[in-house]
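Shown here: final_21.cif, mmCIF, C-alpha atoms and all ligand atoms.
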```
data_input
#
loop_
_atom_site.label_atom_id
_atom_site.label_comp_id
_atom_site.auth_asym_id
_atom_site.auth_seq_id
_atom_site.Cartn_x
_atom_site.Cartn_y
_atom_site.Cartn_z
CA MET A 1091 29.42 -28.04 -34.58
CA GLN A 1092 32.23 -28.52 -32.08
CA SER A 1093 31.30 -28.70 -28.42
CA LYS A 1094 32.38 -25.73 -26.33
CA ALA A 1095 33.80 -27.99 -23.61
CA ARG A 1096 36.36 -29.35 -26.06
CA ASP A 1097 37.73 -25.86 -26.63
CA VAL A 1098 38.39 -25.16 -22.95
CA TYR A 1099 42.11 -24.91 -22.36
CA VAL A 1100 43.32 -27.21 -19.57
CA PRO A 1101 46.78 -26.20 -18.37
CA PRO A 1102 49.32 -29.07 -18.21
CA VAL A 1103 49.56 -28.90 -14.42
CA LEU A 1104 45.79 -29.39 -14.14
CA GLN A 1105 45.92 -32.30 -16.57
CA ASP A 1106 48.60 -33.89 -14.38
CA LEU A 1107 46.66 -33.18 -11.19
CA ARG A 1108 43.50 -34.76 -12.58
CA ALA A 1109 45.37 -37.81 -13.87
CA GLY A 1110 47.29 -38.14 -10.61
CA THR A 1111 44.39 -37.80 -8.18
CA ALA A 1112 41.30 -39.16 -9.95
CA GLU A 1113 41.60 -42.61 -8.37
CA LEU A 1114 42.27 -41.17 -4.93
CA HIS A 1115 39.18 -38.99 -5.28
CA ILE A 1116 36.98 -41.88 -6.31
CA ALA A 1117 38.28 -44.07 -3.47
CA LEU A 1118 37.68 -41.40 -0.82
CA GLU A 1119 34.30 -40.37 -2.23
CA LYS A 1120 33.13 -43.99 -1.99
CA ARG A 1121 34.05 -44.21 1.68
CA LEU A 1122 32.63 -40.87 2.83
CA PRO A 1123 29.28 -41.40 4.54
CA PHE A 1124 27.37 -38.36 3.24
CA PHE A 1125 24.92 -40.60 1.35
CA SER A 1126 24.80 -43.39 3.93
CA ASP A 1127 21.45 -44.33 5.48
CA GLN A 1128 23.28 -44.47 8.77
CA LEU A 1129 24.27 -40.82 8.67
CA ASP A 1130 22.25 -39.06 11.37
CA ALA A 1131 22.93 -35.68 13.00
CA ASP A 1132 25.36 -37.24 15.52
CA ALA A 1133 27.35 -39.01 12.83
CA PHE A 1134 27.46 -35.82 10.75
CA HIS A 1135 28.72 -33.91 13.80
CA ARG A 1136 31.51 -36.48 14.29
CA LEU A 1137 32.37 -36.31 10.60
CA MET A 1138 32.70 -32.53 10.75
CA GLN A 1139 34.82 -32.81 13.92
CA ALA A 1140 37.13 -35.07 11.93
CA TYR A 1141 37.16 -32.60 9.00
CA TYR A 1142 38.08 -29.85 11.47
CA GLY A 1143 40.89 -32.04 12.85
CA PHE A 1144 42.43 -32.06 9.37
CA TYR A 1145 41.65 -28.62 7.96
CA GLN A 1146 42.70 -26.72 11.09
CA PRO A 1147 46.31 -27.98 11.25
CA LEU A 1148 46.66 -28.09 7.46
CA GLU A 1149 45.58 -24.48 6.99
CA THR A 1150 47.81 -23.47 9.91
CA ALA A 1151 50.70 -25.32 8.24
CA LEU A 1152 50.02 -23.49 4.98
CA LEU A 1153 50.03 -20.14 6.78
CA ASP A 1154 53.19 -21.01 8.73
CA SER A 1155 55.04 -22.44 5.74
CA ALA A 1156 56.22 -19.11 4.32
CA CYS A 1157 55.92 -20.86 0.94
CA ILE A 1158 52.61 -19.48 -0.25
CA PRO A 1159 53.25 -17.59 -3.48
CA ALA A 1160 53.34 -13.87 -2.62
CA ASP A 1161 50.55 -13.01 -5.07
CA PHE A 1162 48.16 -15.69 -3.77
CA ASP A 1163 45.50 -14.44 -1.36
CA LEU A 1164 44.96 -17.35 1.02
CA ALA A 1165 42.97 -15.58 3.77
CA PRO A 1166 39.60 -15.48 1.95
CA ARG A 1167 39.98 -19.17 1.09
CA LEU A 1168 40.52 -20.44 4.65
CA LYS A 1169 37.76 -22.81 5.67
CA THR A 1170 38.62 -23.49 9.33
CA PRO A 1171 36.57 -20.49 10.60
CA THR A 1172 33.48 -21.87 8.82
CA LEU A 1173 34.05 -25.34 10.28
CA GLN A 1174 34.41 -23.77 13.74
CA ARG A 1175 31.14 -21.92 13.29
CA ASP A 1176 29.39 -25.11 12.14
CA LEU A 1177 30.67 -27.02 15.15
CA HIS A 1178 29.51 -24.26 17.49
CA ASN A 1179 26.12 -24.33 15.80
CA MET A 1180 25.95 -28.07 16.42
CA GLY A 1181 26.54 -27.52 20.13
CA GLU A 1182 30.34 -27.68 20.46
CA SER A 1183 31.69 -25.41 23.21
CA THR A 1184 34.87 -23.37 22.76
CA GLN A 1185 36.68 -25.68 25.19
CA GLY A 1186 35.29 -28.72 23.38
CA LEU A 1187 36.64 -27.34 20.12
CA GLU A 1188 40.09 -26.82 21.62
CA ARG A 1189 40.17 -30.43 22.81
CA LEU A 1190 39.26 -32.02 19.48
CA PRO A 1191 41.84 -34.46 18.09
CA ILE A 1192 44.08 -32.85 15.47
CA CYS A 1193 45.87 -34.63 12.61
CA ARG A 1194 49.66 -34.59 12.88
CA LYS A 1195 50.51 -36.55 9.73
CA LEU A 1196 50.14 -33.80 7.17
CA PRO A 1197 51.60 -33.29 3.72
CA VAL A 1198 55.01 -31.63 3.80
CA ILE A 1199 54.72 -28.01 2.69
CA ASP A 1200 58.21 -26.97 1.69
CA SER A 1201 57.72 -25.12 -1.58
CA GLY A 1202 55.28 -22.99 -3.54
CA ALA A 1203 54.55 -26.09 -5.64
CA ALA A 1204 53.60 -28.10 -2.55
CA CYS A 1205 51.28 -25.27 -1.43
CA LEU A 1206 49.54 -25.34 -4.79
CA GLY A 1207 49.06 -29.11 -4.66
CA VAL A 1208 47.47 -28.89 -1.21
CA LEU A 1209 45.31 -25.97 -2.30
CA TYR A 1210 44.12 -27.82 -5.41
CA VAL A 1211 42.61 -30.48 -3.13
CA LEU A 1212 41.09 -28.05 -0.63
CA GLU A 1213 39.66 -25.83 -3.36
CA GLY A 1214 38.41 -28.73 -5.49
CA ALA A 1215 36.55 -30.14 -2.49
CA THR A 1216 34.24 -27.11 -2.58
CA LEU A 1217 32.83 -28.42 -5.90
CA GLY A 1218 31.64 -31.71 -4.41
CA GLY A 1219 30.35 -29.66 -1.48
CA GLN A 1220 27.60 -28.35 -3.74
CA ILE A 1221 26.20 -31.87 -4.12
CA LEU A 1222 26.75 -32.75 -0.47
CA ARG A 1223 25.09 -29.58 0.75
CA ARG A 1224 21.82 -30.50 -0.97
CA GLU A 1225 21.96 -34.04 0.39
CA ILE A 1226 22.57 -32.90 3.98
CA ALA A 1227 19.87 -30.21 3.76
CA THR A 1228 17.34 -32.81 2.58
CA ARG A 1229 18.41 -35.62 4.86
CA LEU A 1230 19.29 -33.79 8.09
CA SER A 1231 17.74 -30.33 7.61
CA LEU A 1232 21.15 -28.78 8.17
CA ASP A 1233 22.21 -25.74 6.19
CA ALA A 1234 24.53 -22.74 6.42
CA ASP A 1235 22.81 -21.49 9.59
CA ASN A 1236 22.75 -24.62 11.71
CA GLY A 1237 25.86 -26.67 11.03
CA ALA A 1238 26.49 -27.21 7.33
CA ALA A 1239 27.97 -23.91 6.10
CA PHE A 1240 31.25 -25.67 5.29
CA LEU A 1241 29.55 -27.63 2.49
CA ASP A 1242 28.61 -24.35 0.85
CA VAL A 1243 31.58 -22.33 2.02
CA TYR A 1244 31.77 -20.15 -1.11
CA GLY A 1245 28.02 -20.10 -1.79
CA ALA A 1246 27.06 -18.75 -5.21
CA ALA A 1247 30.71 -17.86 -5.85
CA THR A 1248 31.83 -21.54 -5.84
CA GLY A 1249 32.22 -21.87 -9.62
CA ARG A 1250 33.87 -18.50 -10.06
CA ARG A 1251 36.33 -19.09 -7.23
CA TRP A 1252 37.28 -22.48 -8.65
CA ARG A 1253 37.85 -20.96 -12.09
CA ASP A 1254 39.92 -18.16 -10.52
CA PHE A 1255 42.04 -20.73 -8.72
CA ILE A 1256 42.55 -22.79 -11.88
CA GLU A 1257 43.44 -19.67 -13.81
CA TYR A 1258 45.98 -18.73 -11.14
CA LEU A 1259 47.41 -22.25 -11.10
CA GLY A 1260 47.68 -22.38 -14.88
CA ALA A 1261 49.48 -19.03 -14.99
CA CYS A 1262 52.17 -20.08 -12.50
CA PRO A 1263 55.45 -20.67 -14.32
CA MET A 1264 56.46 -24.27 -13.60
CA ASP A 1265 59.07 -26.68 -14.85
CA VAL A 1266 58.53 -30.44 -15.01
CA ASP A 1267 59.91 -31.02 -11.50
CA GLU A 1268 57.69 -28.36 -9.99
CA ARG A 1269 54.67 -29.82 -11.73
CA ALA A 1270 55.54 -33.20 -10.27
CA ALA A 1271 55.85 -31.60 -6.82
CA VAL A 1272 52.36 -30.07 -7.17
CA VAL A 1273 50.88 -33.46 -8.04
CA ALA A 1274 52.80 -35.27 -5.26
CA ALA A 1275 51.50 -32.78 -2.67
CA ALA A 1276 47.93 -33.19 -3.92
CA GLN A 1277 48.24 -36.98 -3.75
CA THR A 1278 49.66 -36.83 -0.23
CA THR A 1279 46.86 -34.48 0.82
CA PHE A 1280 44.25 -36.99 -0.36
CA SER A 1281 45.97 -39.93 1.30
CA CYS A 1282 46.67 -38.11 4.59
CA PHE A 1283 43.04 -37.00 4.73
CA GLU A 1284 41.72 -40.49 4.06
CA ARG A 1285 44.02 -42.04 6.68
CA TRP A 1286 43.03 -39.39 9.20
CA LEU A 1287 39.31 -39.89 8.61
CA GLU A 1288 39.82 -43.63 8.86
CA SER A 1289 41.61 -43.23 12.20
CA ARG A 1290 38.65 -41.14 13.44
CA GLU A 1291 36.34 -44.00 12.39
CA VAL A 1292 34.07 -41.82 10.30
CA LEU A 1293 34.51 -43.61 6.96
CA ALA A 1294 32.42 -46.46 5.59
C1 LIG A 1301 31.18 -37.75 -1.22
C2 LIG A 1301 32.05 -36.77 -1.33
C3 LIG A 1301 32.39 -36.06 -2.61
C4 LIG A 1301 31.66 -35.91 -3.75
C5 LIG A 1301 30.27 -36.41 -4.05
C6 LIG A 1301 32.49 -35.16 -4.68
C7 LIG A 1301 32.09 -34.77 -5.93
C8 LIG A 1301 32.84 -34.01 -6.79
C9 LIG A 1301 32.41 -33.56 -8.09
C10 LIG A 1301 31.04 -33.85 -8.70
C11 LIG A 1301 33.43 -32.88 -8.64
C12 LIG A 1301 33.49 -32.29 -10.04
C13 LIG A 1301 32.81 -31.02 -10.13
C14 LIG A 1301 32.92 -30.42 -11.52
O1 LIG A 1301 33.64 -30.94 -12.38
O2 LIG A 1301 32.26 -29.42 -11.71
C15 LIG A 1301 34.51 -32.87 -7.70
C16 LIG A 1301 35.72 -32.28 -7.92
C17 LIG A 1301 36.76 -32.32 -7.03
N1 LIG A 1301 36.74 -32.84 -5.77
FE1 LIG A 1301 35.25 -33.89 -4.95
N2 LIG A 1301 33.67 -34.87 -4.08
C18 LIG A 1301 33.65 -35.39 -2.82
C19 LIG A 1301 34.63 -35.29 -1.87
C20 LIG A 1301 35.83 -34.68 -2.07
C21 LIG A 1301 36.86 -34.55 -1.06
C22 LIG A 1301 36.72 -35.03 0.39
C23 LIG A 1301 37.90 -33.92 -1.64
C24 LIG A 1301 39.22 -33.52 -1.04
C25 LIG A 1301 39.43 -33.28 0.24
C26 LIG A 1301 37.55 -33.65 -3.02
C27 LIG A 1301 38.36 -33.02 -3.93
C28 LIG A 1301 37.98 -32.67 -5.22
C29 LIG A 1301 38.85 -32.03 -6.17
C30 LIG A 1301 40.31 -31.67 -5.97
C31 LIG A 1301 38.09 -31.79 -7.31
C32 LIG A 1301 38.52 -31.07 -8.57
C33 LIG A 1301 38.79 -32.00 -9.72
C34 LIG A 1301 39.11 -31.19 -10.97
O3 LIG A 1301 38.18 -30.79 -11.67
O4 LIG A 1301 40.29 -30.97 -11.23
N3 LIG A 1301 36.28 -34.11 -3.24
N4 LIG A 1301 34.13 -33.58 -6.59
#
```

Spit out the file's structure as C-alpha cells when you get a sec.
Amino acid sequence: MQSKARDVYVPPVLQDLRAGTAELHIALEKRLPFFSDQLDADAFHRLMQAYYGFYQPLETALLDSACIPADFDLAPRLKTPTLQRDLHNMGESTQGLERLPICRKLPVIDSGAACLGVLYVLEGATLGGQILRREIATRLSLDADNGAAFLDVYGAATGRRWRDFIEYLGACPMDVDERAAVVAAAQTTFSCFERWLESREVLA
C-alpha cells in the first residue's frame, strides 16, 4: 500500500522554498537558545524583545509595501500584537516597548513575490512554535497568559492555517522568475533575522 504522504501534492514554489531554505533553517534552529540550559526567564524575555525588534518593523514593512496580493488577508496573521502582549505580561512598560531596538536591515519587499517569500518564513515559524511552546511551558512555566503566547500564536488552528497558506501560495500564478524572487526573499528573511538576533546577542 502506498503511503498517503507520498500522494500529497507539493507545489513547485514550495519545493523551491524548502530546497532553498532548509540549510538556513537548520543553522538558525541550532543557534536559538530555546533548549539551552542557560535559558532562564530573563534570557527568554531578552530573546522575545529581539523577536519583537524584527517582527515589528518587518510586519510594518509588509503593510506599507503596497505589494501584498489583494486577495491575501494579512491582518489576522500579524504577530506583533501578540509579541507586544507577551512583553507586557513579562513586565515591559509601554514606554519600554517603544524604546526597544528595532532591526533596520530587512528584506526588500518590492513585489508580491517578495511578500510571499517573507510570509513563508513568518508562517512556517508557527510550526516550530508548537515544539517550543511545550519546552518553554515545562522549563519556565510560561504560557499564553504570562509571556509565551507568541509561540502558540494560532493555537489549535496552527496546522489548518499553515495548510491554508500553502494552498494560497500554490494557487498563485508564478513564472520562473517570480518563483526565484519568492525563494530569494525567504532566504533574505532567514539571514536578516539571524544577523539581527546575533547583533542582539541572544543566539548561542
Ligand atoms: C529552535 C527553533 C525552531 C524549531 C525547533 C523549529 C522546528 C520546526 C519544525 C519541526 C518544522 C516542521 C513542521 C512540520 O513539518 O510539520 C518547522 C518548519 C518551519 N520552520 Fe521552524 N523551527 C524553529 C525555528 C524557526 C524560525 C526562527 C523560523 C523562521 C523565522 C522557522 C521557519 C520555519 C519554516 C519556514 C518552516 C516550514 C518548512 C516547510 O514545511 O516548508 N523556524 N520548524

TODO: Can you pull out every residue within 9 Å of A:Met1180, counting all atoms listed in the file, but drop anything in the same chain fewer than 2 positions away, and send it as a ChimeraX atom specification?
DONE: /A:1131,1135,1175-1178,1182,1236-1237

- [ ] Can you work out which one of A:Val1100, A:Leu1153, A:Ala1203, A:Ala1215 has the shortest atom-to-atom distance to A:Ala1270, counting all atoms listed in the file?
- [x] A:Ala1203

Task: Atom-to-atom span, atom CA of A:Gln1128 and atom CA of A:Leu1287, Å - done: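 Between atom CA of A:Gln1128 and atom CA of A:Leu1287 the gap works out to 16.7 Å.
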
Open item on the list: Just checking: using only C-alpha atoms and all ligand atoms, which residue out of A:Ile1221, A:Leu1230, A:Ala1238, A:Leu1168 ends up closest to ligand LIG 1301 (chain A)?
Closed with: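 Checking each candidate against ligand LIG 1301 (chain A), we get A:Ile1221 as the closest.
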
Give, as JSON, the centre coordinates and the x, y and z edge lengths in Å to one decimal for an axis-aligned box around all listed atoms of ligand LIG 1301 (chain A), padded by 8 Å on each side.
```
{"center_x": 35.3, "center_y": -33.6, "center_z": -6.0, "size_x": 26.0, "size_y": 24.3, "size_z": 28.8}
```

Open item on the list: What residues of the protein or nucleic acid chains come within 6 Å of ligand LIG 1301 (chain A) when you use all atoms listed in the file? Reply as a PyMOL selection string.
Closed with: chain A and resi 1108+1119+1122+1124+1210-1212+1214-1215+1217-1218

Got time to write the residues from that selection, C-alpha atoms, as a short mmCIF file (atom, residue, chain, number, x, y, z; two decimals), in the frame of the given file?
```
data_model
loop_
_atom_site.label_atom_id
_atom_site.label_comp_id
_atom_site.auth_asym_id
_atom_site.auth_seq_id
_atom_site.Cartn_x
_atom_site.Cartn_y
_atom_site.Cartn_z
CA ARG A 1108 43.50 -34.76 -12.58
CA GLU A 1119 34.30 -40.37 -2.23
CA LEU A 1122 32.63 -40.87 2.83
CA PHE A 1124 27.37 -38.36 3.24
CA TYR A 1210 44.12 -27.82 -5.41
CA VAL A 1211 42.61 -30.48 -3.13
CA LEU A 1212 41.09 -28.05 -0.63
CA GLY A 1214 38.41 -28.73 -5.49
CA ALA A 1215 36.55 -30.14 -2.49
CA LEU A 1217 32.83 -28.42 -5.90
CA GLY A 1218 31.64 -31.71 -4.41
#
```

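Here atom CA of A:Leu1206 stands at a distance of 22.2 Å from atom CA of A:Gln1220.
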
Can you find the residues with an atom no farther than 8 Å from (48.2, -39.9, 10.0), counting all atoms listed in the file, and report them as a CSV table (one decimal) with C-alpha atoms, in the frame of the given file?
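In the end it all went to selection_21.csv:
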```
chain,number,residue,atom,x,y,z
A,1193,CYS,CA,45.9,-34.6,12.6
A,1194,ARG,CA,49.7,-34.6,12.9
A,1195,LYS,CA,50.5,-36.6,9.7
A,1196,LEU,CA,50.1,-33.8,7.2
A,1282,CYS,CA,46.7,-38.1,4.6
A,1283,PHE,CA,43.0,-37.0,4.7
A,1285,ARG,CA,44.0,-42.0,6.7
A,1286,TRP,CA,43.0,-39.4,9.2
A,1289,SER,CA,41.6,-43.2,12.2
```

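Minimum atom-to-atom distance to A:Pro1191, evaluated using only C-alpha atoms, belongs to A:Tyr1145 out of A:Ala1276, A:Tyr1145, A:Asp1132, A:Ala1117.
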
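The residue that comes closest to A:Ala1160, out of A:Ala1140, A:Cys1262, A:Ala1239, A:Trp1252 and on the basis of only C-alpha atoms, is A:Cys1262.
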
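You can rank A:Arg1223, A:Arg1269, A:Arg1167, A:Arg1290 by their closest distance to A:Ala1133 using all atoms listed in the file, and at the top of that list sits A:Arg1290.
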
- [ ] Have a look at atom CA of A:Thr1278 and atom CA of A:Ile1199 and let me know their distance in Å, one decimal.
- [x]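 For atom CA of A:Thr1278 relative to atom CA of A:Ile1199, the distance reads 10.6 Å.
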
Open item on the list: Could you check the closest approach to A:Val1292 for each of A:Gln1139, A:Thr1111, A:Thr1216, A:Thr1248 and tell me which residue wins, using only C-alpha atoms?
Closed with: A:Gln1139

Task: Who sits within 8 Å of A:Asp1200, all atoms listed in the file, same chain under 2 positions skipped, as an MDAnalysis selection string - done: chainID A and resid 1155 1157 1198 1202 1204:1205

Those residues you just picked out, can you put them in a file as a JSON list (two decimals), in the coordinates of the input with C-alpha atoms?
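Written out: part_10.json:
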```json
[["chain", "number", "residue", "atom", "x", "y", "z"],
["A", 1155, "SER", "CA", 55.04, -22.44, 5.74],
["A", 1157, "CYS", "CA", 55.92, -20.86, 0.94],
["A", 1198, "VAL", "CA", 55.01, -31.63, 3.80],
["A", 1202, "GLY", "CA", 55.28, -22.99, -3.54],
["A", 1204, "ALA", "CA", 53.60, -28.10, -2.55],
["A", 1205, "CYS", "CA", 51.28, -25.27, -1.43]]
```

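Residues in contact with A:Tyr1142 at up to 8 Å, not including ones fewer than 3 positions away on its chain and judged by all atoms listed in the file, are Met1138, Gln1139, Tyr1145, Gln1146, Thr1170, Leu1173, Gln1174 and Ile1192 of chain A.
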
Place N, CA, C and O atoms on stretch 1241-1261 of chain A and deliver the coordinates as a PDB file, in the coordinates of the input.
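Below is the file that was written, result-v4.pdb:
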```
ATOM      1  N   LEU A1241      29.851 -26.977   3.776  1.00  0.00           N
ATOM      2  CA  LEU A1241      29.550 -27.630   2.490  1.00  0.00           C
ATOM      3  C   LEU A1241      29.186 -26.625   1.404  1.00  0.00           C
ATOM      4  O   LEU A1241      29.115 -26.979   0.235  1.00  0.00           O
ATOM      5  N   ASP A1242      28.946 -25.391   1.824  1.00  0.00           N
ATOM      6  CA  ASP A1242      28.610 -24.350   0.850  1.00  0.00           C
ATOM      7  C   ASP A1242      29.454 -23.104   1.155  1.00  0.00           C
ATOM      8  O   ASP A1242      28.972 -21.974   1.119  1.00  0.00           O
ATOM      9  N   VAL A1243      30.736 -23.382   1.439  1.00  0.00           N
ATOM     10  CA  VAL A1243      31.580 -22.330   2.020  1.00  0.00           C
ATOM     11  C   VAL A1243      31.708 -21.093   1.118  1.00  0.00           C
ATOM     12  O   VAL A1243      31.792 -19.979   1.620  1.00  0.00           O
ATOM     13  N   TYR A1244      31.674 -21.292  -0.196  1.00  0.00           N
ATOM     14  CA  TYR A1244      31.770 -20.150  -1.110  1.00  0.00           C
ATOM     15  C   TYR A1244      30.416 -19.749  -1.706  1.00  0.00           C
ATOM     16  O   TYR A1244      30.342 -18.837  -2.538  1.00  0.00           O
ATOM     17  N   GLY A1245      29.369 -20.444  -1.325  1.00  0.00           N
ATOM     18  CA  GLY A1245      28.020 -20.100  -1.790  1.00  0.00           C
ATOM     19  C   GLY A1245      27.955 -19.981  -3.309  1.00  0.00           C
ATOM     20  O   GLY A1245      28.529 -20.802  -4.040  1.00  0.00           O
ATOM     21  N   ALA A1246      27.269 -18.949  -3.762  1.00  0.00           N
ATOM     22  CA  ALA A1246      27.060 -18.750  -5.210  1.00  0.00           C
ATOM     23  C   ALA A1246      28.360 -18.490  -5.947  1.00  0.00           C
ATOM     24  O   ALA A1246      28.414 -18.568  -7.178  1.00  0.00           O
ATOM     25  N   ALA A1247      29.423 -18.178  -5.207  1.00  0.00           N
ATOM     26  CA  ALA A1247      30.710 -17.860  -5.850  1.00  0.00           C
ATOM     27  C   ALA A1247      31.564 -19.122  -6.092  1.00  0.00           C
ATOM     28  O   ALA A1247      32.693 -19.016  -6.573  1.00  0.00           O
ATOM     29  N   THR A1248      31.019 -20.308  -5.767  1.00  0.00           N
ATOM     30  CA  THR A1248      31.830 -21.540  -5.840  1.00  0.00           C
ATOM     31  C   THR A1248      32.490 -21.727  -7.218  1.00  0.00           C
ATOM     32  O   THR A1248      33.700 -21.939  -7.302  1.00  0.00           O
ATOM     33  N   GLY A1249      31.695 -21.647  -8.265  1.00  0.00           N
ATOM     34  CA  GLY A1249      32.220 -21.870  -9.620  1.00  0.00           C
ATOM     35  C   GLY A1249      33.267 -20.822  -9.994  1.00  0.00           C
ATOM     36  O   GLY A1249      34.332 -21.148 -10.519  1.00  0.00           O
ATOM     37  N   ARG A1250      32.945 -19.582  -9.699  1.00  0.00           N
ATOM     38  CA  ARG A1250      33.870 -18.500 -10.060  1.00  0.00           C
ATOM     39  C   ARG A1250      35.187 -18.650  -9.309  1.00  0.00           C
ATOM     40  O   ARG A1250      36.271 -18.497  -9.875  1.00  0.00           O
ATOM     41  N   ARG A1251      35.098 -18.995  -8.019  1.00  0.00           N
ATOM     42  CA  ARG A1251      36.330 -19.090  -7.230  1.00  0.00           C
ATOM     43  C   ARG A1251      37.182 -20.266  -7.680  1.00  0.00           C
ATOM     44  O   ARG A1251      38.403 -20.217  -7.634  1.00  0.00           O
ATOM     45  N   TRP A1252      36.521 -21.346  -8.108  1.00  0.00           N
ATOM     46  CA  TRP A1252      37.280 -22.480  -8.650  1.00  0.00           C
ATOM     47  C   TRP A1252      37.966 -22.071  -9.953  1.00  0.00           C
ATOM     48  O   TRP A1252      39.145 -22.319 -10.146  1.00  0.00           O
ATOM     49  N   ARG A1253      37.250 -21.393 -10.819  1.00  0.00           N
ATOM     50  CA  ARG A1253      37.850 -20.960 -12.090  1.00  0.00           C
ATOM     51  C   ARG A1253      39.008 -19.994 -11.831  1.00  0.00           C
ATOM     52  O   ARG A1253      40.051 -20.076 -12.469  1.00  0.00           O
ATOM     53  N   ASP A1254      38.833 -19.089 -10.863  1.00  0.00           N
ATOM     54  CA  ASP A1254      39.920 -18.160 -10.520  1.00  0.00           C
ATOM     55  C   ASP A1254      41.158 -18.926 -10.049  1.00  0.00           C
ATOM     56  O   ASP A1254      42.289 -18.582 -10.401  1.00  0.00           O
ATOM     57  N   PHE A1255      40.905 -19.957  -9.227  1.00  0.00           N
ATOM     58  CA  PHE A1255      42.040 -20.730  -8.720  1.00  0.00           C
ATOM     59  C   PHE A1255      42.760 -21.450  -9.867  1.00  0.00           C
ATOM     60  O   PHE A1255      43.993 -21.427  -9.958  1.00  0.00           O
ATOM     61  N   ILE A1256      41.970 -22.059 -10.745  1.00  0.00           N
ATOM     62  CA  ILE A1256      42.550 -22.790 -11.880  1.00  0.00           C
ATOM     63  C   ILE A1256      43.329 -21.846 -12.798  1.00  0.00           C
ATOM     64  O   ILE A1256      44.391 -22.177 -13.306  1.00  0.00           O
ATOM     65  N   GLU A1257      42.770 -20.670 -12.969  1.00  0.00           N
ATOM     66  CA  GLU A1257      43.440 -19.670 -13.810  1.00  0.00           C
ATOM     67  C   GLU A1257      44.784 -19.282 -13.173  1.00  0.00           C
ATOM     68  O   GLU A1257      45.814 -19.190 -13.847  1.00  0.00           O
ATOM     69  N   TYR A1258      44.747 -19.074 -11.857  1.00  0.00           N
ATOM     70  CA  TYR A1258      45.980 -18.730 -11.140  1.00  0.00           C
ATOM     71  C   TYR A1258      47.004 -19.863 -11.286  1.00  0.00           C
ATOM     72  O   TYR A1258      48.171 -19.624 -11.631  1.00  0.00           O
ATOM     73  N   LEU A1259      46.532 -21.084 -11.026  1.00  0.00           N
ATOM     74  CA  LEU A1259      47.410 -22.250 -11.100  1.00  0.00           C
ATOM     75  C   LEU A1259      48.039 -22.381 -12.486  1.00  0.00           C
ATOM     76  O   LEU A1259      49.245 -22.593 -12.627  1.00  0.00           O
ATOM     77  N   GLY A1260      47.210 -22.220 -13.507  1.00  0.00           N
ATOM     78  CA  GLY A1260      47.680 -22.380 -14.880  1.00  0.00           C
ATOM     79  C   GLY A1260      48.665 -21.297 -15.301  1.00  0.00           C
ATOM     80  O   GLY A1260      49.465 -21.497 -16.213  1.00  0.00           O
ATOM     81  N   ALA A1261      48.583 -20.139 -14.630  1.00  0.00           N
ATOM     82  CA  ALA A1261      49.480 -19.030 -14.990  1.00  0.00           C
ATOM     83  C   ALA A1261      50.792 -19.075 -14.226  1.00  0.00           C
ATOM     84  O   ALA A1261      51.701 -18.284 -14.518  1.00  0.00           O
TER      85      ALA A1261
END
```
